[in-house]
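Below is model-v1.cif, which holds mmCIF, C-alpha atoms.
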```cif
data_data
#
loop_
_atom_site.group_PDB
_atom_site.id
_atom_site.type_symbol
_atom_site.label_atom_id
_atom_site.label_comp_id
_atom_site.auth_asym_id
_atom_site.auth_seq_id
_atom_site.Cartn_x
_atom_site.Cartn_y
_atom_site.Cartn_z
ATOM 1 C CA MET A 1 -208.503 -223.508 -43.179
ATOM 2 C CA ASN A 2 -205.858 -221.559 -41.233
ATOM 3 C CA PHE A 3 -204.691 -218.007 -41.981
ATOM 4 C CA LYS A 4 -201.602 -219.187 -43.871
ATOM 5 C CA GLU A 5 -203.763 -221.123 -46.334
ATOM 6 C CA LEU A 6 -206.328 -218.346 -46.460
ATOM 7 C CA SER A 7 -203.663 -215.777 -47.299
ATOM 8 C CA THR A 8 -202.861 -217.650 -50.526
ATOM 9 C CA LYS A 9 -206.415 -217.215 -51.814
ATOM 10 C CA VAL A 10 -207.187 -214.353 -54.214
ATOM 11 C CA TRP A 11 -210.830 -214.255 -53.115
ATOM 12 C CA PHE A 12 -209.777 -213.619 -49.511
ATOM 13 C CA TRP A 13 -207.742 -210.515 -50.356
ATOM 14 C CA ALA A 14 -210.341 -209.332 -52.868
ATOM 15 C CA ALA A 15 -213.010 -209.576 -50.154
ATOM 16 C CA LEU A 16 -210.784 -207.642 -47.739
ATOM 17 C CA PHE A 17 -210.162 -204.971 -50.386
ATOM 18 C CA ALA A 18 -213.884 -204.545 -51.030
ATOM 19 C CA ILE A 19 -214.831 -204.522 -47.330
ATOM 20 C CA TRP A 20 -212.072 -202.002 -46.614
ATOM 21 C CA ASN A 21 -213.227 -199.772 -49.503
ATOM 22 C CA VAL A 22 -216.794 -199.675 -48.182
ATOM 23 C CA PHE A 23 -215.512 -199.266 -44.611
ATOM 24 C CA MET A 24 -213.380 -196.285 -45.681
ATOM 25 C CA TYR A 25 -216.323 -194.609 -47.388
ATOM 26 C CA TYR A 26 -218.363 -195.063 -44.225
ATOM 27 C CA PHE A 27 -215.707 -193.336 -42.093
ATOM 28 C CA ILE A 28 -214.212 -190.626 -44.298
ATOM 29 C CA GLY A 29 -216.701 -190.369 -47.162
ATOM 30 C CA LYS A 30 -214.164 -191.438 -49.821
ATOM 31 C CA PHE A 31 -213.598 -194.654 -51.693
ATOM 32 C CA TRP A 32 -210.424 -195.704 -53.435
ATOM 33 C CA ILE A 33 -209.691 -193.886 -56.692
ATOM 34 C CA GLY A 34 -206.600 -194.210 -58.815
ATOM 35 C CA GLY A 35 -204.885 -191.914 -61.274
ATOM 36 C CA SER A 36 -206.968 -188.794 -60.678
ATOM 37 C CA SER A 37 -205.703 -188.720 -57.094
ATOM 38 C CA PHE A 38 -202.310 -187.549 -58.402
ATOM 39 C CA LEU A 39 -203.667 -184.458 -60.152
ATOM 40 C CA PRO A 40 -202.581 -182.219 -57.228
ATOM 41 C CA LEU A 41 -199.001 -183.023 -58.302
ATOM 42 C CA ILE A 42 -199.613 -181.042 -61.509
ATOM 43 C CA GLY A 43 -201.402 -178.285 -59.628
ATOM 44 C CA PHE A 44 -204.978 -179.342 -60.425
ATOM 45 C CA LYS A 45 -207.797 -179.200 -57.823
ATOM 46 C CA VAL A 46 -205.437 -179.780 -54.908
ATOM 47 C CA GLU A 47 -208.121 -179.625 -52.208
ATOM 48 C CA LYS A 48 -210.481 -181.983 -53.996
ATOM 49 C CA PHE A 49 -207.908 -184.733 -54.486
ATOM 50 C CA LEU A 50 -205.860 -184.274 -51.323
ATOM 51 C CA ILE A 51 -207.480 -187.168 -49.434
ATOM 52 C CA PRO A 52 -207.329 -189.618 -52.401
ATOM 53 C CA LEU A 53 -203.666 -188.629 -52.861
ATOM 54 C CA THR A 54 -202.992 -189.320 -49.170
ATOM 55 C CA ILE A 55 -204.721 -192.712 -49.450
ATOM 56 C CA ASN A 56 -202.432 -193.662 -52.334
ATOM 57 C CA LEU A 57 -199.304 -192.442 -50.541
ATOM 58 C CA GLY A 58 -200.443 -194.723 -47.725
ATOM 59 C CA LEU A 59 -200.878 -197.517 -50.287
ATOM 60 C CA ILE A 60 -197.222 -197.205 -51.353
ATOM 61 C CA THR A 61 -196.171 -197.198 -47.683
ATOM 62 C CA GLY A 62 -198.336 -200.230 -46.917
ATOM 63 C CA ALA A 63 -196.924 -202.157 -49.884
ATOM 64 C CA PHE A 64 -193.420 -201.253 -48.714
ATOM 65 C CA ILE A 65 -194.092 -202.440 -45.138
ATOM 66 C CA SER A 66 -195.689 -205.650 -46.392
ATOM 67 C CA ALA A 67 -192.824 -206.305 -48.837
ATOM 68 C CA VAL A 68 -190.187 -205.739 -46.132
ATOM 69 C CA VAL A 69 -191.998 -207.936 -43.588
ATOM 70 C CA SER A 70 -192.453 -210.736 -46.119
ATOM 71 C CA LYS A 71 -188.840 -210.325 -47.324
ATOM 72 C CA GLU A 72 -190.014 -209.462 -50.843
ATOM 73 C CA PHE A 73 -188.481 -205.989 -50.965
ATOM 74 C CA PHE A 74 -185.623 -205.675 -53.448
ATOM 75 C CA ILE A 75 -184.386 -202.778 -55.543
ATOM 76 C CA ARG A 76 -185.103 -203.985 -59.080
ATOM 77 C CA LYS A 77 -183.071 -202.082 -61.628
ATOM 78 C CA LEU A 78 -184.393 -201.383 -65.089
ATOM 79 C CA ASN A 79 -182.866 -201.848 -68.531
ATOM 80 C CA LYS A 80 -183.196 -199.562 -71.548
ATOM 81 C CA GLU A 81 -186.176 -201.395 -73.066
ATOM 82 C CA THR A 82 -188.088 -201.419 -69.774
ATOM 83 C CA LEU A 83 -187.333 -197.723 -69.364
ATOM 84 C CA ILE A 84 -188.763 -196.871 -72.801
ATOM 85 C CA ARG A 85 -191.854 -198.991 -72.171
ATOM 86 C CA ALA A 86 -192.337 -197.383 -68.752
ATOM 87 C CA VAL A 87 -192.176 -193.866 -70.219
ATOM 88 C CA ILE A 88 -194.503 -194.547 -73.186
ATOM 89 C CA GLY A 89 -196.944 -196.675 -71.164
ATOM 90 C CA GLY A 90 -197.015 -194.273 -68.233
ATOM 91 C CA PHE A 91 -197.622 -191.301 -70.525
ATOM 92 C CA LEU A 92 -200.572 -193.068 -72.207
ATOM 93 C CA MET A 93 -201.974 -194.029 -68.787
ATOM 94 C CA GLY A 94 -201.728 -190.381 -67.702
ATOM 95 C CA ILE A 95 -203.779 -189.286 -70.716
ATOM 96 C CA GLY A 96 -206.270 -192.101 -70.150
ATOM 97 C CA PHE A 97 -207.048 -191.572 -66.499
ATOM 98 C CA THR A 98 -207.571 -187.818 -66.844
ATOM 99 C CA LEU A 99 -209.541 -187.792 -70.101
ATOM 100 C CA ALA A 100 -212.558 -189.239 -68.286
ATOM 101 C CA PRO A 101 -212.709 -189.301 -64.483
ATOM 102 C CA GLY A 102 -212.810 -192.821 -63.115
ATOM 103 C CA THR A 103 -210.901 -194.410 -66.004
ATOM 104 C CA CYS A 104 -208.148 -196.541 -64.512
ATOM 105 C CA THR A 105 -208.257 -199.507 -62.156
ATOM 106 C CA THR A 106 -211.223 -197.735 -60.521
ATOM 107 C CA PRO A 107 -214.004 -199.068 -62.813
ATOM 108 C CA PHE A 108 -213.102 -202.634 -61.823
ATOM 109 C CA VAL A 109 -212.862 -202.098 -58.068
ATOM 110 C CA THR A 110 -215.262 -199.206 -57.435
ATOM 111 C CA GLY A 111 -217.136 -197.925 -60.500
ATOM 112 C CA MET A 112 -218.837 -201.020 -61.920
ATOM 113 C CA PRO A 113 -220.013 -202.324 -58.532
ATOM 114 C CA MET A 114 -221.674 -198.909 -58.189
ATOM 115 C CA LEU A 115 -223.294 -199.436 -61.602
ATOM 116 C CA GLY A 116 -221.753 -196.251 -63.002
ATOM 117 C CA VAL A 117 -222.478 -196.204 -66.749
ATOM 118 C CA ASN A 118 -219.222 -194.327 -67.326
ATOM 119 C CA SER A 119 -217.315 -197.140 -65.577
ATOM 120 C CA PHE A 120 -218.823 -199.820 -67.830
ATOM 121 C CA LEU A 121 -217.829 -197.753 -70.888
ATOM 122 C CA SER A 122 -214.341 -197.108 -69.488
ATOM 123 C CA ALA A 123 -213.889 -200.817 -68.688
ATOM 124 C CA LEU A 124 -214.889 -201.672 -72.273
ATOM 125 C CA GLY A 125 -212.299 -199.207 -73.564
ATOM 126 C CA ILE A 126 -209.651 -200.554 -71.178
ATOM 127 C CA ILE A 127 -210.232 -204.143 -72.355
ATOM 128 C CA ILE A 128 -210.016 -203.042 -76.019
ATOM 129 C CA GLY A 129 -206.864 -200.974 -75.382
ATOM 130 C CA ALA A 130 -205.282 -203.680 -73.232
ATOM 131 C CA TYR A 131 -205.944 -206.309 -75.918
ATOM 132 C CA ILE A 132 -204.272 -204.133 -78.557
ATOM 133 C CA GLY A 133 -201.376 -203.493 -76.141
ATOM 134 C CA TYR A 134 -201.135 -207.205 -75.337
ATOM 135 C CA LYS A 135 -200.855 -208.055 -79.047
ATOM 136 C CA ILE A 136 -198.160 -205.385 -79.535
ATOM 137 C CA VAL A 137 -196.156 -206.585 -76.521
ATOM 138 C CA MET A 138 -196.462 -210.253 -77.547
ATOM 139 C CA ARG A 139 -195.348 -209.461 -81.100
ATOM 140 C CA LYS A 140 -192.301 -207.630 -79.793
ATOM 141 C CA GLY A 141 -191.583 -210.660 -77.589
ATOM 142 C CA MET B 142 -209.232 -177.616 -40.314
ATOM 143 C CA ALA B 143 -208.822 -180.157 -37.511
ATOM 144 C CA VAL B 144 -211.404 -182.390 -39.228
ATOM 145 C CA VAL B 145 -209.455 -182.216 -42.499
ATOM 146 C CA GLU B 146 -206.213 -183.110 -40.703
ATOM 147 C CA ALA B 147 -207.883 -186.003 -38.877
ATOM 148 C CA ASN B 148 -209.288 -187.237 -42.188
ATOM 149 C CA LEU B 149 -205.840 -187.026 -43.777
ATOM 150 C CA VAL B 150 -204.381 -189.180 -41.004
ATOM 151 C CA LEU B 151 -207.242 -191.653 -41.350
ATOM 152 C CA ALA B 152 -206.846 -191.630 -45.147
ATOM 153 C CA PHE B 153 -203.160 -192.482 -44.780
ATOM 154 C CA VAL B 154 -203.964 -195.357 -42.422
ATOM 155 C CA PHE B 155 -206.660 -196.650 -44.785
ATOM 156 C CA GLY B 156 -204.107 -196.399 -47.594
ATOM 157 C CA ILE B 157 -201.554 -198.452 -45.671
ATOM 158 C CA VAL B 158 -204.042 -201.296 -45.317
ATOM 159 C CA PHE B 159 -204.850 -201.074 -49.045
ATOM 160 C CA GLY B 160 -201.114 -201.322 -49.705
ATOM 161 C CA VAL B 161 -200.745 -204.443 -47.566
ATOM 162 C CA ILE B 162 -203.751 -206.053 -49.280
ATOM 163 C CA ALA B 163 -202.471 -205.132 -52.772
ATOM 164 C CA GLN B 164 -198.990 -206.455 -51.965
ATOM 165 C CA ARG B 165 -200.183 -209.738 -50.477
ATOM 166 C CA MET B 166 -202.643 -210.220 -53.340
ATOM 167 C CA SER B 167 -200.059 -209.192 -55.990
ATOM 168 C CA PHE B 168 -202.814 -207.004 -57.373
ATOM 169 C CA CYS B 169 -202.331 -205.907 -60.984
ATOM 170 C CA LEU B 170 -205.096 -205.426 -63.537
ATOM 171 C CA SER B 171 -202.534 -205.431 -66.354
ATOM 172 C CA THR B 172 -201.039 -208.823 -65.429
ATOM 173 C CA ASP B 173 -204.452 -210.369 -64.812
ATOM 174 C CA LEU B 174 -205.868 -209.050 -68.107
ATOM 175 C CA ALA B 175 -202.810 -210.411 -69.956
ATOM 176 C CA GLN B 176 -203.421 -213.795 -68.322
ATOM 177 C CA ALA B 177 -207.084 -213.617 -69.341
ATOM 178 C CA PHE B 178 -206.104 -212.866 -72.967
ATOM 179 C CA ALA B 179 -203.832 -215.922 -72.786
ATOM 180 C CA GLY B 180 -206.836 -218.024 -71.726
ATOM 181 C CA ASN B 181 -206.414 -218.039 -67.944
ATOM 182 C CA TYR B 182 -209.275 -215.822 -66.795
ATOM 183 C CA ARG B 183 -210.000 -217.445 -63.415
ATOM 184 C CA ARG B 184 -207.942 -215.060 -61.271
ATOM 185 C CA ILE B 185 -209.385 -211.827 -62.691
ATOM 186 C CA LEU B 186 -212.877 -213.309 -62.668
ATOM 187 C CA THR B 187 -212.494 -214.325 -59.013
ATOM 188 C CA TRP B 188 -211.380 -210.969 -57.652
ATOM 189 C CA PHE B 189 -213.705 -208.984 -59.883
ATOM 190 C CA ALA B 190 -216.753 -211.052 -58.885
ATOM 191 C CA ILE B 191 -215.933 -210.833 -55.165
ATOM 192 C CA ILE B 192 -215.253 -207.075 -55.288
ATOM 193 C CA PHE B 193 -218.351 -206.445 -57.428
ATOM 194 C CA ILE B 194 -220.649 -208.316 -55.052
ATOM 195 C CA ILE B 195 -219.286 -206.844 -51.783
ATOM 196 C CA THR B 196 -218.718 -203.249 -52.944
ATOM 197 C CA GLY B 197 -222.066 -203.306 -54.745
ATOM 198 C CA LEU B 198 -223.797 -204.330 -51.523
ATOM 199 C CA GLY B 199 -222.055 -201.438 -49.761
ATOM 200 C CA PHE B 200 -223.235 -199.081 -52.493
ATOM 201 C CA GLN B 201 -226.802 -200.260 -52.282
ATOM 202 C CA PHE B 202 -227.009 -200.066 -48.495
ATOM 203 C CA LEU B 203 -224.819 -197.021 -47.756
ATOM 204 C CA GLY B 204 -225.771 -195.028 -50.842
ATOM 205 C CA LEU B 205 -222.273 -194.409 -52.228
ATOM 206 C CA LYS B 206 -222.087 -192.005 -55.154
ATOM 207 C CA ALA B 207 -220.799 -193.381 -58.441
ATOM 208 C CA VAL B 208 -217.377 -192.218 -59.596
ATOM 209 C CA GLY B 209 -216.911 -190.018 -62.627
ATOM 210 C CA GLN B 210 -220.220 -188.229 -62.384
ATOM 211 C CA LEU B 211 -218.563 -184.902 -63.180
ATOM 212 C CA ARG B 212 -218.747 -185.431 -66.911
ATOM 213 C CA GLY B 213 -221.341 -188.155 -67.068
ATOM 214 C CA TYR B 214 -220.633 -190.617 -69.815
ATOM 215 C CA GLY B 215 -219.887 -190.691 -73.492
ATOM 216 C CA VAL B 216 -217.563 -191.883 -76.225
ATOM 217 C CA TYR B 217 -214.664 -190.252 -74.405
ATOM 218 C CA ASN B 218 -215.014 -192.893 -71.653
ATOM 219 C CA ILE B 219 -214.202 -195.588 -74.223
ATOM 220 C CA LEU B 220 -211.456 -193.437 -75.746
ATOM 221 C CA SER B 221 -209.843 -192.800 -72.357
ATOM 222 C CA GLY B 222 -210.133 -196.506 -71.593
ATOM 223 C CA ILE B 223 -208.297 -197.385 -74.818
ATOM 224 C CA PHE B 224 -205.448 -195.011 -73.907
ATOM 225 C CA PHE B 225 -205.303 -196.408 -70.391
ATOM 226 C CA GLY B 226 -205.555 -200.052 -71.516
ATOM 227 C CA LEU B 227 -202.752 -199.581 -74.030
ATOM 228 C CA GLY B 228 -200.682 -197.824 -71.370
ATOM 229 C CA ILE B 229 -201.016 -200.548 -68.738
ATOM 230 C CA MET B 230 -200.000 -203.286 -71.174
ATOM 231 C CA ILE B 231 -196.989 -201.354 -72.468
ATOM 232 C CA SER B 232 -195.819 -200.188 -69.031
ATOM 233 C CA GLY B 233 -196.649 -203.509 -67.372
ATOM 234 C CA GLY B 234 -198.815 -202.273 -64.515
ATOM 235 C CA CYS B 235 -202.138 -200.625 -63.663
ATOM 236 C CA VAL B 236 -202.409 -197.827 -61.077
ATOM 237 C CA ILE B 237 -202.599 -200.108 -58.019
ATOM 238 C CA GLY B 238 -199.992 -202.424 -59.569
ATOM 239 C CA THR B 239 -197.581 -199.543 -60.190
ATOM 240 C CA LEU B 240 -198.006 -198.046 -56.706
ATOM 241 C CA ARG B 241 -197.585 -201.502 -55.152
ATOM 242 C CA ARG B 242 -194.404 -202.101 -57.165
ATOM 243 C CA ILE B 243 -192.970 -198.747 -56.063
ATOM 244 C CA GLY B 244 -193.346 -200.034 -52.496
ATOM 245 C CA GLU B 245 -191.700 -203.308 -53.491
ATOM 246 C CA GLY B 246 -188.618 -201.560 -54.926
ATOM 247 C CA PHE B 247 -189.240 -201.642 -58.685
ATOM 248 C CA LEU B 248 -187.425 -198.699 -60.250
ATOM 249 C CA HIS B 249 -189.445 -199.023 -63.458
ATOM 250 C CA ALA B 250 -192.631 -198.388 -61.452
ATOM 251 C CA ILE B 251 -191.198 -195.040 -60.318
ATOM 252 C CA VAL B 252 -190.565 -194.131 -63.983
ATOM 253 C CA VAL B 253 -194.149 -195.149 -64.904
ATOM 254 C CA PHE B 254 -195.441 -192.994 -62.052
ATOM 255 C CA LEU B 255 -193.378 -189.978 -63.200
ATOM 256 C CA ALA B 256 -194.543 -190.496 -66.805
ATOM 257 C CA TRP B 257 -198.195 -190.260 -65.675
ATOM 258 C CA LEU B 258 -197.714 -186.600 -64.824
ATOM 259 C CA PRO B 259 -196.930 -185.140 -68.307
ATOM 260 C CA GLY B 260 -199.711 -187.322 -69.774
ATOM 261 C CA ALA B 261 -202.173 -186.014 -67.192
ATOM 262 C CA ALA B 262 -200.968 -182.418 -67.681
ATOM 263 C CA LEU B 263 -201.443 -182.710 -71.465
ATOM 264 C CA THR B 264 -205.063 -183.725 -70.907
ATOM 265 C CA ILE B 265 -205.873 -181.266 -68.141
ATOM 266 C CA TYR B 266 -204.289 -178.189 -69.685
ATOM 267 C CA PHE B 267 -204.799 -178.880 -73.408
ATOM 268 C CA LEU B 268 -207.051 -181.810 -74.445
ATOM 269 C CA ASN B 269 -209.796 -180.968 -71.944
ATOM 270 C CA GLU B 270 -210.200 -177.516 -73.466
ATOM 271 C CA VAL B 271 -210.456 -179.009 -76.948
ATOM 272 C CA LEU B 272 -212.919 -181.725 -75.892
ATOM 273 C CA LYS B 273 -215.041 -179.607 -73.555
ATOM 274 C CA PRO B 274 -217.894 -179.106 -76.071
ATOM 275 C CA THR B 275 -218.302 -182.900 -76.366
ATOM 276 C CA TYR B 276 -218.698 -183.527 -72.615
ATOM 277 C CA HIS B 277 -222.232 -184.477 -71.684
ATOM 278 C CA ILE B 278 -222.839 -183.329 -68.115
ATOM 279 C CA PRO B 279 -226.025 -184.875 -66.695
ATOM 280 C CA THR B 280 -227.908 -183.441 -63.763
ATOM 281 C CA LYS B 281 -228.248 -186.898 -62.222
ATOM 282 C CA THR B 282 -225.601 -189.546 -61.485
ATOM 283 C CA PRO B 283 -225.620 -191.858 -64.523
ATOM 284 C CA LEU B 284 -226.241 -195.351 -63.204
ATOM 285 C CA LEU B 285 -226.952 -198.409 -65.341
ATOM 286 C CA GLY B 286 -230.436 -198.935 -63.905
ATOM 287 C CA ASP B 287 -231.447 -195.333 -64.662
ATOM 288 C CA LEU B 288 -230.327 -195.773 -68.255
ATOM 289 C CA LEU B 289 -232.241 -199.057 -68.630
ATOM 290 C CA GLY B 290 -235.271 -197.763 -66.763
ATOM 291 C CA VAL B 291 -234.976 -200.550 -64.170
ATOM 292 C CA ASP B 292 -234.436 -200.275 -60.415
ATOM 293 C CA ASN B 293 -230.683 -200.230 -59.693
ATOM 294 C CA MET B 294 -231.052 -202.845 -56.944
ATOM 295 C CA ILE B 295 -232.538 -205.262 -59.498
ATOM 296 C CA VAL B 296 -229.755 -204.565 -62.010
ATOM 297 C CA TYR B 297 -227.161 -205.086 -59.286
ATOM 298 C CA GLY B 298 -228.849 -208.308 -58.114
ATOM 299 C CA VAL B 299 -229.009 -209.771 -61.644
ATOM 300 C CA LEU B 300 -225.354 -208.918 -62.380
ATOM 301 C CA ALA B 301 -224.209 -210.263 -58.993
ATOM 302 C CA ILE B 302 -226.081 -213.547 -59.547
ATOM 303 C CA ILE B 303 -224.640 -213.904 -63.082
ATOM 304 C CA LEU B 304 -221.100 -213.296 -61.761
ATOM 305 C CA ALA B 305 -221.618 -215.750 -58.885
ATOM 306 C CA ILE B 306 -222.853 -218.440 -61.311
ATOM 307 C CA VAL B 307 -219.932 -217.862 -63.729
ATOM 308 C CA LEU B 308 -217.482 -217.997 -60.814
ATOM 309 C CA TYR B 309 -219.041 -221.226 -59.488
ATOM 310 C CA TRP B 310 -219.026 -222.748 -62.977
ATOM 311 C CA SER B 311 -215.369 -221.835 -63.594
ATOM 312 C CA ASN B 312 -214.350 -223.340 -60.230
ATOM 313 C CA LYS B 313 -216.321 -226.505 -60.928
ATOM 314 C CA LYS B 314 -214.761 -226.799 -64.385
ATOM 315 C CA ARG B 315 -211.345 -226.615 -62.757
#
```
Transcribe the structure of this file into structure tokens.
Amino acid sequence: MNFKELSTKVWFWAALFAIWNVFMYYFIGKFWIGGSSFLPLIGFKVEKFLIPLTINLGLITGAFISAVVSKEFFIRKLNKETLIRAVIGGFLMGIGFTLAPGTCTTPFVTGMPMLGVNSFLSALGIIIGAYIGYKIVMRKG
Amino acid sequence: MAVVEANLVLAFVFGIVFGVIAQRMSFCLSTDLAQAFAGNYRRILTWFAIIFIITGLGFQFLGLKAVGQLRGYGVYNILSGIFFGLGIMISGGCVIGTLRRIGEGFLHAIVVFLAWLPGAALTIYFLNEVLKPTYHIPTKTPLLGDLLGVDNMIVYGVLAIILAIVLYWSNKKR
């Protein structure tokens, strides 16, 4: 299997993500966290979340570089309905990921592999909430 | 100070690689959960199983600390999850998915990102104060094995084997 074929496999990128996460912890003592990393933007615990924030700014940059290189970068405009959904959904996400630390994408990529009880509970809540959201979105078409 | 600056540079570089991986993988918990609800669960199962097994091994051998140990665990974990789960389905992207899409040029992802901030501020500066009495703060990191009274390595091993079997079975079925 050459790299081109390999790069189409989800398991390959998932393995890289996990290895990189562990590798990062080994070198800088931090693993990837999600929403909480943006709390410095509202003036909360700036020093504590400065490195996670920097990691995620790097993530945006990396996605940009990758999208440009693979010719997948386009400015996608948004319509009124998408705008409303983005505001409501984003607001709910903001409440969710600060109400309990580690509630976002983190339980699935960092928390549960670490056997954090809070992550298993958060993941359960996320699946329940996502299912309700899925039903609402599907009903609206 | 120099150490902090060096770590910030390293953190940015680590982040760039995460961004490339997320972009190439089209990572998005929201999309993959929606697919799972529609009956196609193979993709989410694949990446979750792989990440669980590899990161878990790293945790066991390097002694990583579990996330979210500040407030321990409780009903508010489920409650916060419900808010977050609803949010990702309505907005159309999880945290990694939204950040990735910002890099890919999606304007709606920038709006989602900006909308996180008032939601987070509401919790930090108002809801947290109200809910503070309900937070259970343990003295020890709450891990599943501790709760079950079983060695964490055994719990990890059993879960990893179950995931590996389910993954193998779903591939074979395909």
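Proximity ranking of B:Thr239, B:Gln201, B:Gln176, B:Ser221 relative to Leu268 of chain B places B:Ser221 first, based on all atoms listed in the file.
Considering only C-alpha atoms, the residue among B:Val150, B:Thr172, B:Ile302, B:Gly226 positioned nearest to chain A is B:Gly226.
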- Do you know which residues the PyMOL selection byres ((chain A and resi 23) around 12) returns on this file, as a ChimeraX atom specification? /A:15-22,24-32 /B:151-152,155,158-159,195-196,198-200,203,205
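Using only C-alpha atoms, the nearest neighbour of Ile55 of chain A within the list A:Glu81, A:Val69, A:Ile33, A:Arg76 is A:Ile33.
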- Message: On this structure, the PyMOL selection byres ((chain A and resi 36-43) around 10) would catch which residues? List them as JSON, numbers by chain, sorted by chain and number.
- Response: {"A": [32, 33, 34, 35, 44, 45, 46, 47, 48, 49, 50, 51, 52, 53, 54, 55, 56, 57, 94, 97, 98, 99, 100, 101, 102, 103, 104, 106], "B": [254, 257, 258, 259, 261, 262, 265, 266]}
Which residues of segment 75-124 of chain A sit at most 12 Å from segment 246-252 of chain B, using all atoms listed in the file? Give each one's shortest atom pair and distance in Å (one decimal place), in chain and ascending residue order, as JSON lines.
```
{"residue": "A:Ile75", "atom": "CA", "partner": "B:Gly246", "partner_atom": "CA", "distance": 4.4}
{"residue": "A:Arg76", "atom": "CA", "partner": "B:Phe247", "partner_atom": "CA", "distance": 4.8}
{"residue": "A:Lys77", "atom": "CA", "partner": "B:Leu248", "partner_atom": "CA", "distance": 5.7}
{"residue": "A:Leu78", "atom": "CA", "partner": "B:His249", "partner_atom": "CA", "distance": 5.8}
{"residue": "A:Asn79", "atom": "CA", "partner": "B:His249", "partner_atom": "CA", "distance": 8.8}
{"residue": "A:Lys80", "atom": "CA", "partner": "B:His249", "partner_atom": "CA", "distance": 10.2}
{"residue": "A:Glu81", "atom": "CA", "partner": "B:His249", "partner_atom": "CA", "distance": 10.4}
{"residue": "A:Thr82", "atom": "CA", "partner": "B:His249", "partner_atom": "CA", "distance": 6.9}
{"residue": "A:Leu83", "atom": "CA", "partner": "B:His249", "partner_atom": "CA", "distance": 6.4}
{"residue": "A:Ile84", "atom": "CA", "partner": "B:Val252", "partner_atom": "CA", "distance": 9.4}
{"residue": "A:Arg85", "atom": "CA", "partner": "B:His249", "partner_atom": "CA", "distance": 9.0}
{"residue": "A:Ala86", "atom": "CA", "partner": "B:Val252", "partner_atom": "CA", "distance": 6.0}
{"residue": "A:Val87", "atom": "CA", "partner": "B:Val252", "partner_atom": "CA", "distance": 6.4}
{"residue": "A:Ile88", "atom": "CA", "partner": "B:Val252", "partner_atom": "CA", "distance": 10.0}
{"residue": "A:Gly89", "atom": "CA", "partner": "B:Val252", "partner_atom": "CA", "distance": 9.9}
{"residue": "A:Gly90", "atom": "CA", "partner": "B:Val252", "partner_atom": "CA", "distance": 7.7}
{"residue": "A:Phe91", "atom": "CA", "partner": "B:Val252", "partner_atom": "CA", "distance": 10.0}
```
Dump of C-alpha atoms for the selected residues, as an mmCIF file, in the coordinates of the input:
```cif
data_model
loop_
_atom_site.group_PDB
_atom_site.id
_atom_site.type_symbol
_atom_site.label_atom_id
_atom_site.label_comp_id
_atom_site.auth_asym_id
_atom_site.auth_seq_id
_atom_site.Cartn_x
_atom_site.Cartn_y
_atom_site.Cartn_z
ATOM 1 C CA ILE A 75 -184.386 -202.778 -55.543
ATOM 2 C CA ARG A 76 -185.103 -203.985 -59.080
ATOM 3 C CA LYS A 77 -183.071 -202.082 -61.628
ATOM 4 C CA LEU A 78 -184.393 -201.383 -65.089
ATOM 5 C CA ASN A 79 -182.866 -201.848 -68.531
ATOM 6 C CA LYS A 80 -183.196 -199.562 -71.548
ATOM 7 C CA GLU A 81 -186.176 -201.395 -73.066
ATOM 8 C CA THR A 82 -188.088 -201.419 -69.774
ATOM 9 C CA LEU A 83 -187.333 -197.723 -69.364
ATOM 10 C CA ILE A 84 -188.763 -196.871 -72.801
ATOM 11 C CA ARG A 85 -191.854 -198.991 -72.171
ATOM 12 C CA ALA A 86 -192.337 -197.383 -68.752
ATOM 13 C CA VAL A 87 -192.176 -193.866 -70.219
ATOM 14 C CA ILE A 88 -194.503 -194.547 -73.186
ATOM 15 C CA GLY A 89 -196.944 -196.675 -71.164
ATOM 16 C CA GLY A 90 -197.015 -194.273 -68.233
ATOM 17 C CA PHE A 91 -197.622 -191.301 -70.525
#
```
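Considering the residues B:Met294, B:Val154, B:Ile306, B:Val271 and counting all atoms listed in the file, chain A has its shortest atom-to-atom contact with B:Val154.
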- Please write the residues picked by the PyMOL selection byres ((chain A and resi 67) around 9) on this file as a PyMOL selection string. (chain A and resi 62-66+68-74) or (chain B and resi 161+164-165+244-246)
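The space between atom CA of Ser232 of chain B and atom CA of Gly111 of chain A spans 23.1 Å.
Taking atom CA of Leu240 of chain B as the reference point, atom CA of Ile60 of chain A is found at 5.5 Å.
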Just the residues within 7 Å of Gly222 of chain B, please, counting all atoms listed in the file, with nothing from its chain fewer than 6 positions along; format it as a PDB file with C-alpha atoms, in the frame of the given file.
```
ATOM      1  CA  GLY A  96    -206.270-192.101 -70.150  1.00  0.00           C
ATOM      2  CA  THR A 103    -210.901-194.410 -66.004  1.00  0.00           C
ATOM      3  CA  SER A 122    -214.341-197.108 -69.488  1.00  0.00           C
ATOM      4  CA  ALA A 123    -213.889-200.817 -68.688  1.00  0.00           C
ATOM      5  CA  GLY A 125    -212.299-199.207 -73.564  1.00  0.00           C
ATOM      6  CA  ILE A 126    -209.651-200.554 -71.178  1.00  0.00           C
ATOM      7  CA  GLY A 129    -206.864-200.974 -75.382  1.00  0.00           C
TER       8      GLY A 129
END
```
- Query: List as number ranges by chain: which residues have an atom within 7 Å of (-220.9, -195.8, -72.5), counting all atoms listed in the file?
  - Reply: A: 117-118, 120-121; B: 214-216, 218-219
- Query: In Å, how far is it from atom CA of Arg183 of chain B to atom CA of Val299 of chain B?
  - Reply: 20.6 Å
